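**Q** Next comes the structure file final-v4.csv, holding CSV, C-alpha atoms.
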```csv
chain,number,residue,atom,x,y,z
A,1,MET,CA,132.4,98.3,101.8
A,2,ALA,CA,132.5,101.2,99.3
A,3,LEU,CA,128.7,101.1,99.3
A,4,ALA,CA,128.5,101.3,103.1
A,5,VAL,CA,130.9,104.3,103.1
A,6,ALA,CA,128.9,106.0,100.4
A,7,ALA,CA,125.7,105.3,102.4
A,8,ALA,CA,127.4,106.8,105.6
A,9,VAL,CA,128.5,109.9,103.7
A,10,ALA,CA,125.0,110.3,102.3
A,11,LEU,CA,123.5,109.8,105.7
A,12,CYS,CA,125.8,112.5,107.3
A,13,ALA,CA,125.0,114.9,104.5
A,14,LEU,CA,121.2,114.4,104.9
A,15,ALA,CA,121.5,114.6,108.7
A,16,THR,CA,123.3,118.0,108.3
A,17,ILE,CA,120.5,119.3,106.0
A,18,ALA,CA,117.9,118.0,108.4
A,19,TYR,CA,119.5,119.6,111.4
A,20,ALA,CA,119.8,122.9,109.6
A,21,GLY,CA,116.2,122.5,108.4
A,22,ALA,CA,114.9,121.7,111.8
A,23,ALA,CA,116.6,124.8,113.3
A,24,ASN,CA,115.1,126.8,110.4
A,25,ALA,CA,111.6,125.4,111.1
A,26,TYR,CA,112.0,126.0,114.8
A,27,GLN,CA,112.8,129.6,114.2
A,28,GLY,CA,109.8,130.0,111.9
A,29,GLY,CA,111.8,130.0,108.7
A,30,ALA,CA,109.3,127.9,106.8
A,31,SER,CA,106.2,129.4,108.5
A,32,GLY,CA,102.8,130.1,107.2
A,33,VAL,CA,99.3,128.8,107.5
A,34,ALA,CA,98.4,125.7,105.5
A,35,SER,CA,96.2,122.8,106.1
A,36,SER,CA,97.0,119.1,105.4
A,37,ALA,CA,93.5,117.9,106.3
A,38,LEU,CA,94.9,115.9,109.2
A,39,PRO,CA,93.4,115.9,112.7
A,40,GLN,CA,94.2,118.7,115.1
A,41,GLU,CA,97.0,118.2,117.6
A,42,SER,CA,95.9,117.3,121.0
A,43,GLY,CA,97.3,118.2,124.4
A,44,GLY,CA,97.7,121.9,123.8
A,45,SER,CA,101.5,121.8,123.6
A,46,THR,CA,103.4,124.3,121.4
A,47,PRO,CA,104.3,123.0,117.9
A,48,GLU,CA,108.0,123.4,118.7
A,49,ALA,CA,107.6,120.9,121.6
A,50,ASN,CA,107.2,118.2,118.9
A,51,LEU,CA,110.7,118.8,117.4
A,52,PRO,CA,112.2,115.7,119.2
A,53,TYR,CA,109.5,113.5,117.6
A,54,LEU,CA,110.4,114.9,114.2
A,55,PHE,CA,114.0,114.2,114.8
A,56,ALA,CA,113.3,110.7,116.1
A,57,VAL,CA,111.3,109.9,113.0
A,58,TYR,CA,114.0,111.1,110.5
A,59,ALA,CA,116.8,109.5,112.5
A,60,THR,CA,115.0,106.1,112.9
A,61,THR,CA,114.2,106.0,109.2
A,62,TRP,CA,117.7,106.7,108.0
A,63,ALA,CA,119.3,104.5,110.6
A,64,ALA,CA,117.1,101.6,109.5
A,65,PHE,CA,118.0,102.0,105.8
A,66,PHE,CA,121.6,102.6,106.6
A,67,VAL,CA,121.9,99.4,108.8
A,68,TYR,CA,120.2,97.3,106.1
A,69,ILE,CA,122.4,98.6,103.3
A,70,PHE,CA,125.5,98.1,105.5
A,71,LEU,CA,124.4,94.5,106.3
A,72,MET,CA,123.8,93.8,102.6
A,73,SER,CA,127.2,95.3,101.7
A,74,ARG,CA,128.9,93.1,104.4
A,75,LYS,CA,127.1,90.0,103.2
A,76,GLN,CA,128.2,90.8,99.6
A,77,ARG,CA,131.8,91.0,100.8
A,78,ASP,CA,131.6,87.7,102.6
A,79,MET,CA,130.1,86.0,99.6
A,80,GLU,CA,132.8,87.3,97.3
A,81,LYS,CA,135.4,85.8,99.7
A,82,GLU,CA,133.5,82.5,99.7
A,83,LEU,CA,133.3,82.6,95.9
A,84,THR,CA,137.1,83.1,95.6
A,85,ALA,CA,137.6,80.1,97.9
A,86,LEU,CA,135.2,78.1,95.8
A,87,ARG,CA,136.9,79.0,92.6
A,88,ALA,CA,140.2,77.9,94.1
A,89,ALA,CA,138.7,74.6,95.3
A,90,LEU,CA,137.2,74.0,91.9
A,91,GLN,CA,140.5,74.7,90.2
A,92,ASP,CA,142.3,72.2,92.5
A,93,LYS,CA,139.6,69.6,91.9
A,94,ASN,CA,140.1,70.0,88.1
A,95,LYS,CA,143.9,69.7,88.4
A,96,VAL,CA,143.5,66.5,90.4
A,97,GLN,CA,141.1,65.1,87.8
A,98,LYS,CA,143.5,65.9,84.9
B,1,MET,CA,118.5,73.3,90.6
B,2,SER,CA,120.7,73.9,87.6
B,3,GLN,CA,122.1,71.2,85.3
B,4,SER,CA,125.1,73.4,84.1
B,5,SER,CA,128.7,72.5,84.7
B,6,PRO,CA,130.6,74.0,87.7
B,7,ALA,CA,132.7,76.2,85.4
B,8,THR,CA,129.5,77.6,83.8
B,9,THR,CA,127.8,78.1,87.2
B,10,ILE,CA,130.8,79.9,88.7
B,11,ASP,CA,130.9,82.3,85.9
B,12,ALA,CA,127.1,82.9,86.2
B,13,VAL,CA,127.4,84.0,89.8
B,14,PRO,CA,127.0,87.8,89.8
B,15,ARG,CA,129.9,89.8,91.1
B,16,GLY,CA,129.7,92.9,93.4
B,17,ARG,CA,131.4,95.3,91.0
B,18,PHE,CA,130.4,98.8,89.8
B,19,SER,CA,127.0,98.8,88.3
B,20,PRO,CA,125.7,102.0,86.6
B,21,VAL,CA,122.1,101.2,87.2
B,22,ARG,CA,122.4,100.2,90.8
B,23,ASP,CA,124.9,102.9,91.8
B,24,GLY,CA,122.9,105.5,89.7
B,25,LEU,CA,119.8,104.6,91.7
B,26,PHE,CA,121.6,105.0,95.0
B,27,ILE,CA,122.9,108.4,94.0
B,28,ALA,CA,119.5,109.4,92.6
B,29,SER,CA,117.8,108.4,95.9
B,30,ALA,CA,120.3,110.4,97.9
B,31,VAL,CA,119.7,113.5,95.7
B,32,CYS,CA,115.9,113.1,95.9
B,33,MET,CA,116.2,112.8,99.7
B,34,ALA,CA,118.3,116.0,99.9
B,35,VAL,CA,115.7,117.8,97.7
B,36,LEU,CA,112.9,116.4,99.9
B,37,LEU,CA,114.6,117.7,103.1
B,38,TYR,CA,115.1,121.1,101.4
B,39,LEU,CA,111.4,121.3,100.5
B,40,VAL,CA,110.2,120.0,103.9
B,41,PHE,CA,112.3,122.4,106.0
B,42,PHE,CA,112.7,125.5,103.8
B,43,VAL,CA,109.7,125.6,101.4
B,44,VAL,CA,106.7,123.8,102.9
B,45,PRO,CA,104.7,126.0,105.3
B,46,THR,CA,104.1,124.8,108.9
B,47,ASP,CA,100.7,123.1,109.3
B,48,ALA,CA,98.1,125.3,111.0
B,49,ASN,CA,96.8,122.4,113.2
B,50,LEU,CA,99.7,120.0,113.7
B,51,GLY,CA,102.6,122.4,113.7
B,52,VAL,CA,106.1,120.9,113.2
B,53,SER,CA,105.0,117.3,113.7
B,54,GLN,CA,103.1,117.4,110.4
B,55,ARG,CA,106.5,117.3,108.6
B,56,ILE,CA,106.6,113.6,109.7
B,57,LEU,CA,104.0,113.0,106.9
B,58,TYR,CA,106.6,113.3,104.2
B,59,PHE,CA,108.4,110.3,105.5
B,60,HIS,CA,105.5,108.3,107.0
B,61,ALA,CA,103.2,108.3,104.0
B,62,PRO,CA,105.8,107.1,101.3
B,63,VAL,CA,107.1,104.4,103.7
B,64,ALA,CA,103.6,103.2,104.5
B,65,ILE,CA,102.5,103.1,100.8
B,66,LEU,CA,105.7,101.4,99.8
B,67,SER,CA,105.2,98.7,102.5
B,68,MET,CA,101.9,97.9,100.9
B,69,VAL,CA,103.3,98.0,97.4
B,70,SER,CA,106.1,95.7,98.5
B,71,ILE,CA,103.7,93.0,99.6
B,72,VAL,CA,101.9,93.3,96.2
B,73,VAL,CA,105.3,92.9,94.5
B,74,VAL,CA,105.9,89.8,96.6
B,75,ALA,CA,102.5,88.4,95.6
B,76,VAL,CA,103.0,89.2,91.9
B,77,ALA,CA,106.5,87.6,91.8
B,78,SER,CA,105.2,84.6,93.8
B,79,GLY,CA,102.4,84.2,91.3
B,80,ALA,CA,104.9,84.3,88.5
B,81,HIS,CA,107.0,81.7,90.3
B,82,LEU,CA,104.1,79.4,90.7
B,83,ILE,CA,103.3,79.7,87.0
B,84,THR,CA,106.8,79.5,85.6
B,85,ARG,CA,108.6,77.6,88.4
B,86,SER,CA,111.5,80.0,87.8
B,87,ALA,CA,113.9,80.5,90.8
B,88,LYS,CA,114.5,84.1,89.6
B,89,TRP,CA,110.9,85.0,90.5
B,90,ASP,CA,111.2,83.4,93.9
B,91,SER,CA,114.4,85.4,94.6
B,92,PHE,CA,112.6,88.5,93.5
B,93,ALA,CA,109.7,87.8,95.9
B,94,TYR,CA,112.1,87.0,98.7
B,95,ALA,CA,114.0,90.3,98.2
B,96,SER,CA,110.8,92.3,98.2
B,97,ALA,CA,109.6,90.6,101.3
B,98,GLU,CA,112.8,91.4,103.2
B,99,ILE,CA,112.6,95.0,102.2
B,100,GLY,CA,108.9,95.0,102.9
B,101,ILE,CA,109.3,94.0,106.5
B,102,ILE,CA,111.7,96.9,107.1
B,103,LEU,CA,109.2,99.3,105.5
B,104,ALA,CA,106.3,97.8,107.5
B,105,SER,CA,108.4,98.1,110.7
B,106,LEU,CA,109.2,101.7,109.9
B,107,THR,CA,105.6,102.5,109.2
B,108,ILE,CA,104.6,101.2,112.6
B,109,ILE,CA,107.5,102.8,114.5
B,110,VAL,CA,107.2,106.2,112.7
B,111,GLY,CA,103.4,106.1,113.1
B,112,ALA,CA,103.8,105.5,116.8
B,113,ILE,CA,106.2,108.4,117.2
B,114,TRP,CA,103.8,110.6,115.3
B,115,ALA,CA,100.7,109.3,117.2
B,116,LYS,CA,102.2,110.3,120.6
B,117,PRO,CA,102.1,114.1,120.1
B,118,VAL,CA,99.0,114.0,117.9
B,119,TRP,CA,96.7,111.5,119.7
B,120,GLY,CA,98.5,111.4,123.1
B,121,VAL,CA,99.2,107.7,122.9
B,122,TRP,CA,101.9,105.6,121.2
B,123,TRP,CA,99.4,103.0,119.9
B,124,THR,CA,95.7,102.5,119.6
B,125,TRP,CA,93.8,99.6,118.1
B,126,ASP,CA,92.6,101.7,115.2
B,127,ALA,CA,91.6,99.7,112.1
B,128,LYS,CA,94.4,101.0,109.9
B,129,LEU,CA,97.1,100.5,112.6
B,130,THR,CA,95.9,97.0,113.4
B,131,LEU,CA,95.8,95.9,109.7
B,132,THR,CA,99.3,97.3,109.3
B,133,LEU,CA,100.4,95.2,112.2
B,134,VAL,CA,98.7,92.2,110.5
B,135,MET,CA,100.7,93.0,107.4
B,136,TRP,CA,103.9,93.0,109.5
B,137,PHE,CA,103.0,89.5,110.8
B,138,ILE,CA,102.4,88.3,107.2
B,139,TYR,CA,105.9,89.5,106.2
B,140,ALA,CA,107.4,87.9,109.4
B,141,SER,CA,105.5,84.6,108.7
B,142,TYR,CA,106.7,84.6,105.1
B,143,LEU,CA,110.4,85.1,106.1
B,144,MET,CA,110.2,82.6,108.9
B,145,LEU,CA,108.6,80.0,106.6
B,146,ARG,CA,111.4,80.6,104.1
B,147,ALA,CA,114.1,80.4,106.8
B,148,TYR,CA,112.8,77.4,108.9
B,149,GLY,CA,110.2,75.7,106.6
B,150,PRO,CA,110.9,73.2,103.9
B,151,LYS,CA,113.9,74.0,101.7
B,152,GLY,CA,114.1,74.2,98.0
B,153,SER,CA,111.1,74.4,95.6
B,154,GLN,CA,108.6,73.2,98.2
B,155,GLY,CA,109.4,76.1,100.6
B,156,ALA,CA,109.2,78.5,97.7
B,157,ARG,CA,105.8,77.2,96.8
B,158,TYR,CA,104.5,77.5,100.4
B,159,GLY,CA,105.9,81.0,100.6
B,160,ALA,CA,104.2,81.9,97.3
B,161,VAL,CA,100.8,80.8,98.5
B,162,LEU,CA,101.2,82.7,101.8
B,163,ALA,CA,102.3,85.9,99.9
B,164,LEU,CA,99.3,85.6,97.5
B,165,ILE,CA,96.9,85.4,100.5
B,166,GLY,CA,98.8,88.0,102.5
B,167,ALA,CA,98.7,90.6,99.7
B,168,LEU,CA,94.9,90.9,100.1
B,169,ASP,CA,95.7,92.9,103.3
B,170,ALA,CA,97.2,95.8,101.2
B,171,PRO,CA,94.0,97.2,99.6
B,172,ILE,CA,92.1,96.8,102.9
B,173,ILE,CA,94.8,98.8,104.7
B,174,TYR,CA,94.6,101.5,102.1
B,175,PHE,CA,90.9,101.9,102.4
B,176,ALA,CA,90.7,101.2,106.1
B,177,ALA,CA,90.2,104.8,107.1
B,178,GLU,CA,87.3,105.1,104.7
B,179,LEU,CA,85.7,101.7,105.7
B,180,TRP,CA,86.1,102.3,109.4
B,181,ARG,CA,85.9,105.8,110.7
B,182,THR,CA,88.4,105.6,113.5
B,183,ALA,CA,91.4,107.7,114.7
B,184,HIS,CA,93.6,107.5,111.6
B,185,PRO,CA,93.0,110.4,109.2
B,186,GLU,CA,91.3,109.9,105.8
B,187,LEU,CA,93.3,109.4,102.6
B,188,VAL,CA,95.5,112.3,101.6
B,189,VAL,CA,97.5,110.4,98.9
B,190,GLY,CA,96.7,107.9,96.2
B,191,PRO,CA,93.9,107.5,93.6
B,192,ALA,CA,91.1,107.6,96.1
B,193,ALA,CA,92.3,110.6,98.0
B,194,ASP,CA,90.7,114.1,97.8
B,195,SER,CA,93.0,116.1,95.6
B,196,GLY,CA,92.1,119.4,97.2
B,197,ALA,CA,92.8,118.2,100.7
B,198,MET,CA,96.4,119.5,100.8
B,199,ASP,CA,98.3,122.7,100.3
B,200,PRO,CA,100.0,122.6,96.8
B,201,THR,CA,103.5,122.9,98.2
B,202,MET,CA,102.8,120.1,100.7
B,203,ARG,CA,101.6,117.9,97.8
B,204,THR,CA,104.8,118.7,95.8
B,205,ALA,CA,106.9,117.8,98.8
B,206,LEU,CA,105.0,114.6,99.3
B,207,LEU,CA,105.4,113.6,95.7
B,208,VAL,CA,109.2,114.2,96.0
B,209,GLY,CA,109.1,112.0,99.1
B,210,PHE,CA,107.4,109.3,97.2
B,211,LEU,CA,110.0,109.6,94.4
B,212,ALA,CA,112.9,109.5,96.9
B,213,PHE,CA,111.7,106.5,98.7
B,214,THR,CA,110.6,104.6,95.6
B,215,VAL,CA,114.0,105.0,94.0
B,216,LEU,CA,115.6,103.8,97.3
B,217,TYR,CA,113.2,100.8,97.3
B,218,VAL,CA,114.1,99.9,93.7
B,219,TYR,CA,117.8,100.3,94.5
B,220,MET,CA,117.5,98.0,97.6
B,221,LEU,CA,115.3,95.5,95.6
B,222,ILE,CA,117.9,95.2,92.8
B,223,GLU,CA,120.8,94.9,95.4
B,224,ARG,CA,119.0,92.3,97.5
B,225,TYR,CA,117.9,90.4,94.4
B,226,ALA,CA,121.5,90.2,93.1
B,227,LEU,CA,122.6,89.0,96.5
B,228,LYS,CA,119.9,86.3,96.6
B,229,ARG,CA,121.0,85.1,93.2
B,230,THR,CA,124.6,85.0,94.3
B,231,GLU,CA,123.5,82.9,97.4
B,232,ALA,CA,121.7,80.5,95.1
B,233,GLY,CA,124.7,80.3,92.8
B,234,ILE,CA,127.0,79.5,95.7
B,235,ASP,CA,124.7,76.8,97.0
B,236,ASP,CA,124.7,75.4,93.5
B,237,LEU,CA,128.5,75.4,93.4
B,238,TYR,CA,128.7,73.5,96.7
B,239,GLN,CA,126.5,70.9,95.2
B,240,HIS,CA,128.8,70.5,92.2
B,241,ILE,CA,131.9,70.4,94.3
B,242,SER,CA,130.7,67.9,96.9
```
Go through the file and emit its structure as structure tokens.

**A**
Amino acid sequence: MALAVAAAVALCALATIAYAGAANAYQGGASGVASSALPQESGGSTPEANLPYLFAVYATTWAAFFVYIFLMSRKQRDMEKELTALRAALQDKNKVQK
Amino acid sequence: MSQSSPATTIDAVPRGRFSPVRDGLFIASAVCMAVLLYLVFFVVPTDANLGVSQRILYFHAPVAILSMVSIVVVAVASGAHLITRSAKWDSFAYASAEIGIILASLTIIVGAIWAKPVWGVWWTWDAKLTLTLVMWFIYASYLMLRAYGPKGSQGARYGAVLALIGALDAPIIYFAAELWRTAHPELVVGPAADSGAMDPTMRTALLVGFLAFTVLYVYMLIERYALKRTEAGIDDLYQHIS
């Protein structure tokens, strides 16, 4: 559970940076001319029009990792409970045998 | 599986306590991710052709490369399992396959989101995209085989063979844009890429992206491997008790 909380906190912190960064990029904060050797954008839309796609990519990626880590954390917790029950069952079995 | 006594087995089952390596990796990945975001949004210049959408590259490329690395890891661990018959290698292969399908899914989803503003379509039957979809099906087949196929060592062996064949897809995906000149851009990362194709700050950001996602991958791999070993230990205990 602590792991899931830590993941959530990390996710929120990263989302805040991304939001601030996206706003910065939108206002031309990290502007300049550079080439990444990738194909030219089609459709003739303004670069800012693609901000929702950028947001969708970052949100999807973090959400996927967060959900996976959360599920692993929950499974770990369930297995610890199962392990405790098994230990108790084993102790009872040993007592009966003695 | 194991011939040890129940008391020995129950002590051998890993416990979910604080681990400096695991928790350190998690913190390191979060820090690397924060640095990556800073670089992507405050340092790296906006691409002249693609505009803001080019910033998707810093997530898309590391995730895509790691999805290919992951299937190679599955194959190597599966090969080691076939040679040694050790259940630990099988657990390692399974853990990597589970993370691999998440990475492959993200590669396809993120790629589709990027394709829409750049190519005007969500999906096209481009060689690289199609081969990545094939890789996703290989991961899905492996996990379905392990879930619904023969149990125990037989299922592990079948899975290992599938992984070894499936891993052949990874280098073909990597070189697909060179082999078939289709919509997907040529290589910008990796040993076969043109080193002068990118702006230096973009390359730095991309390297940080690779570092961030690699650390996260290693963290999740260790975590999932430990969980898989715990599952195996619990199964073993049930056999002892019953």

**Q** Determine, counting all atoms listed in the file, which protein, DNA and RNA residues have an atom within 12 Å of an atom of Ser153 (chain B); residues of the same chain fewer than 6 positions away are not included. Present the result as a PyMOL selection string.

**A** chain B and resi 1+78+81-82+85-91+146+159-160

**Q** How close does each residue of chain B get to chain A, giving the shortest atom pair and distance in Å to one decimal for every residue with an atom at most 7 Å away, counting all atoms listed in the file, sorted by chain and residue number, as a tab-separated table?

**A**
```
residue	atom	partner	partner_atom	distance
B:Gly16	CA	A:Gln76	CA	6.7
B:Ala30	CA	A:Ala10	CA	6.4
B:Ala34	CA	A:Leu14	CA	6.0
B:Leu37	CA	A:Ala18	CA	6.3
B:Phe41	CA	A:Gly21	CA	4.6
B:Phe42	CA	A:Ala30	CA	5.1
B:Val43	CA	A:Ala30	CA	5.9
B:Val44	CA	A:Ala30	CA	6.2
B:Pro45	CA	A:Gly32	CA	4.9
B:Thr46	CA	A:Ser31	CA	5.1
B:Asp47	CA	A:Ala34	CA	5.1
B:Ala48	CA	A:Val33	CA	5.1
B:Asn49	CA	A:Gln40	CA	4.9
B:Leu50	CA	A:Glu41	CA	5.1
B:Gly51	CA	A:Pro47	CA	4.6
B:Val52	CA	A:Pro47	CA	5.5
B:Ser53	CA	A:Asn50	CA	5.7
B:Ile56	CA	A:Leu54	CA	6.0
B:Leu106	CA	A:Thr61	CA	6.6
B:Val110	CA	A:Val57	CA	5.5
B:Ile113	CA	A:Tyr53	CA	6.1
B:Trp114	CA	A:Tyr53	CA	6.8
B:Pro117	CA	A:Asn50	CA	6.7
B:Val118	CA	A:Glu41	CA	4.7
B:Trp119	CA	A:Ser42	CA	6.0
B:Gly120	CA	A:Ser42	CA	6.8
B:Pro185	CA	A:Leu38	CA	5.8
B:Ala197	CA	A:Ala37	CA	5.7
B:Met198	CA	A:Ser36	CA	4.7
B:Asp199	CA	A:Ala34	CA	6.0
B:Leu227	CA	A:Gln76	CA	6.6
B:Ile241	CA	A:Leu90	CA	6.8
```

**Q** Between CA of Val76 (chain B) and CA of Gly166 (chain B), what is the distance in Å, rounded to a tenth?

**A**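 Between CA of Val76 (chain B) and CA of Gly166 (chain B) the gap is 11.5 Å.
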
**Q** CA of Thr182 (chain B) to CA of Leu66 (chain B): how many Å, to one decimal?

**A** 22.5 Å

**Q** Can you tell me, as a list in words, what residues are no more than 8 Å from Ala127 (chain B) when counting all atoms listed in the file, ignoring any on the same chain fewer than 6 positions away?

**A**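 My list of contacting residues is Ala176, Ala177, Trp180 and Thr182 of chain B.
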
**Q** Between CA of Ile165 (chain B) and CA of Leu57 (chain B), what distance in Å does the model show, to one decimal?

**A**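 Here the two named atoms are 29.2 Å from each other.
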
**Q** Around (104.0, 94.5, 94.4) in the file's own coordinates, what residues are found within 12 Å if you use only C-alpha atoms, given back as a ChimeraX atom specification?

**A** /B:65-80,92-97,99-100,163-164,166-168,170-171,217-218,221

**Q** So, with all atoms listed in the file as the atoms that count, which of B:Lys128, B:Tyr148, B:Ala226, B:Pro200 lies closest to Leu179 (chain B)?

**A**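 Closest candidate: B:Lys128.
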
**Q** Near Trp122 (chain B), counting all atoms listed in the file, which residues have an atom at most 10 Å away, once you skip same-chain residues fewer than 6 positions from it, shown as a list in words?

**A** Ile109, Gly111, Ala112, Ile113, Trp114, Ala115 and Lys116 of chain B

**Q** Could you write those residues out with C-alpha atoms, as a PDB file, in the frame of the given file?

**A**
```pdb
ATOM      1  CA  ILE B 109     107.500 102.800 114.500  1.00  0.00           C
ATOM      2  CA  GLY B 111     103.400 106.100 113.100  1.00  0.00           C
ATOM      3  CA  ALA B 112     103.800 105.500 116.800  1.00  0.00           C
ATOM      4  CA  ILE B 113     106.200 108.400 117.200  1.00  0.00           C
ATOM      5  CA  TRP B 114     103.800 110.600 115.300  1.00  0.00           C
ATOM      6  CA  ALA B 115     100.700 109.300 117.200  1.00  0.00           C
ATOM      7  CA  LYS B 116     102.200 110.300 120.600  1.00  0.00           C
TER       8      LYS B 116
END
```
